[in-house]
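The structure appears right after this line, and notes come after that.
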Amino acid sequence: MPQLFCVDSNAGQWRVVPLAAPACVLAGDSGSVAVVPSSSLSPATPLLRRVGSRDPEAWTLIAAASASVRVNGQTLPSGLKLLRHRDAVQVAAAQPLFYSAERIPVVRPFPGAPEPIFCVRSKTQLQLGDPAVQCKSCSCWFVQTDSIPAFTYGPSCPICGARTALDGELEWQPVL
Ligand SMILES: [Zn+2]
């Protein structure tokens, strides 16, 4: 699941806000911005909205010209921006937020696919419901059982090199 990194000025560290709702409003004043789940579009307030139902999911930033929003220092003339991993989002004079598309790999039942999918490491064909892990970076699938721990067999994904630990840790965070 993607997330936003927001500065927690009291603690002097990043606060990670998972983008769990389909839409979130960026609400706040000149000092800080809160990420608030929202069910409605608001032209006056910058809005983050999940796009489609693809996996991995994509998020867009929607903002009126009057909202004074910048992404990586650039204004949004069209009012719309598809966010990319590590984008910095600044609302007015508030501290910038950082968008992270990084997902934490977890073991979950294989959801199935229109075409046969084979484990990258064990070459086993994945069946609906098999315990499996999807690489957070390249989206390849791995079998992950006690007898075939294909995801954690090596320290990194053989396709893209992403870390294969199942420790719930994010690999990237912006520099404070
Ligand atoms: Zn990978």
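Chains: A, B, ... in order of the structure tokens. Residues: from 1 per chain. Ligands: from 1, in order shown.
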(request) Kindly compile the residues surrounding ligand 1 within 7 Å, counting only C-alpha atoms and all ligand atoms, and format them as an MDAnalysis selection string. (result) chainID A and resid 135:140 157:162
Take the selection from the previous step and output its residues with C-alpha atoms, as a PDB file, in the first residue's frame.
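Result file follows (result21.pdb):
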ATOM      1  CA  CYS A 135       7.577  -8.422  -4.972  1.00  0.00           C
ATOM      2  CA  LYS A 136       6.946  -4.800  -4.020  1.00  0.00           C
ATOM      3  CA  SER A 137       9.051  -3.495  -6.851  1.00  0.00           C
ATOM      4  CA  CYS A 138       8.590  -5.678  -9.952  1.00  0.00           C
ATOM      5  CA  SER A 139       5.266  -7.296  -8.882  1.00  0.00           C
ATOM      6  CA  CYS A 140       6.500 -10.828  -9.632  1.00  0.00           C
ATOM      7  CA  CYS A 157      14.424 -10.502  -5.725  1.00  0.00           C
ATOM      8  CA  PRO A 158      16.224 -12.250  -8.612  1.00  0.00           C
ATOM      9  CA  ILE A 159      14.331 -10.080 -11.098  1.00  0.00           C
ATOM     10  CA  CYS A 160      14.675  -6.548  -9.714  1.00  0.00           C
ATOM     11  CA  GLY A 161      16.955  -6.782  -6.677  1.00  0.00           C
ATOM     12  CA  ALA A 162      14.383  -5.527  -4.146  1.00  0.00           C
TER      13      ALA A 162
END
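The neighbours of Cys119 (chain A) here are the residues that come within 8 Å of it, using only C-alpha atoms and leaving out any residue fewer than 3 positions away in the same chain; they are Ser122, Lys123, Thr124, Gln125, Leu126, Cys140, Trp141, Phe142, Val143 and Ala150 of chain A.
The space separating CA of Val36 (chain A) from CA of Pro22 (chain A) comes to 11.0 Å.
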Spatial neighbours of Asp8 (chain A), max dist 12 Å, only C-alpha atoms, sep filter under 3 positions, as a PDB file with C-alpha atoms, in the first residue's frame:
ATOM      1  CA  PHE A   5       5.693  10.741   4.708  1.00  0.00           C
ATOM      2  CA  ALA A  11       9.086  14.394  17.357  1.00  0.00           C
ATOM      3  CA  GLY A  12      11.495  15.611  14.675  1.00  0.00           C
ATOM      4  CA  GLN A  13      10.912  12.549  12.538  1.00  0.00           C
ATOM      5  CA  TRP A  14       8.722  11.265   9.740  1.00  0.00           C
ATOM      6  CA  ARG A  15       5.186  10.126  10.350  1.00  0.00           C
ATOM      7  CA  VAL A  16       4.045   7.507   7.849  1.00  0.00           C
ATOM      8  CA  VAL A  17       0.413   7.794   6.729  1.00  0.00           C
ATOM      9  CA  GLY A  31       2.610  25.014   9.021  1.00  0.00           C
ATOM     10  CA  SER A  32       1.490  21.476   8.409  1.00  0.00           C
ATOM     11  CA  VAL A  33      -0.836  19.391   6.316  1.00  0.00           C
ATOM     12  CA  ALA A  34      -3.068  16.600   7.567  1.00  0.00           C
ATOM     13  CA  GLN A  95       6.306  21.325   5.050  1.00  0.00           C
ATOM     14  CA  PRO A  96       6.387  19.092   1.961  1.00  0.00           C
ATOM     15  CA  LEU A  97       4.916  15.603   2.066  1.00  0.00           C
ATOM     16  CA  LEU A 176      14.894  14.917   7.046  1.00  0.00           C
TER      17      LEU A 176
END
(request) Write out as JSON, numbers by chain which residues come within 7 Å of Pro18 (chain A) when counting only C-alpha atoms, dropping same-chain ones fewer than 4 positions away. (result) {"A": [1, 2, 3, 4]}
(request) Between CA of Gly154 (chain A) and CA of Ala113 (chain A), measure the distance and give it in Å to one decimal. (result) 25.2 Å
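DSSP on the backbone gives strand (DSSP E or B) for these parts of region 74-160 of chain A: Gln74, Thr75, Leu80, Lys81, Leu82, Ala88, Val89, Gln90, Val91, Leu97, Phe98, Tyr99, Ser100, Arg108, Pro109, Phe118, Gln125, Pro131, Ala132, Val133, Gln134, Trp141, Phe142, Val143, Gln144, Pro149 and Ser156 of chain A.
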(message) Ranking A:Val120, A:Leu19, A:Leu170, A:Leu82 by minimum distance to Tyr153 (chain A) and counting only C-alpha atoms, which one comes first?
(response) A:Val120
(request) Find the residues near Val89 (chain A): any atom within 10 Å, counting only C-alpha atoms, skip ones fewer than 6 places away on the same chain, and give them as an NGL selection string. (result) :A and (4 or 26 or 61 or 69-74 or 83 or 95-99)
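Distances here use only C-alpha atoms; by that measure, the residue among A:Ala92, A:Ile148, A:Ala58, A:Val106 closest to Val133 (chain A) is A:Val106.
Neighbouring residues of Val25 (chain A) at 8 Å or closer, counting only C-alpha atoms and skipping chain neighbours under 6 positions away, are Ala34, Val35, Val36, Pro37, Ser38, Thr45, Pro46, Leu47 and Leu48 of chain A.
Going from CA of Pro114 (chain A) over to CA of Phe151 (chain A), you cover 22.2 Å.
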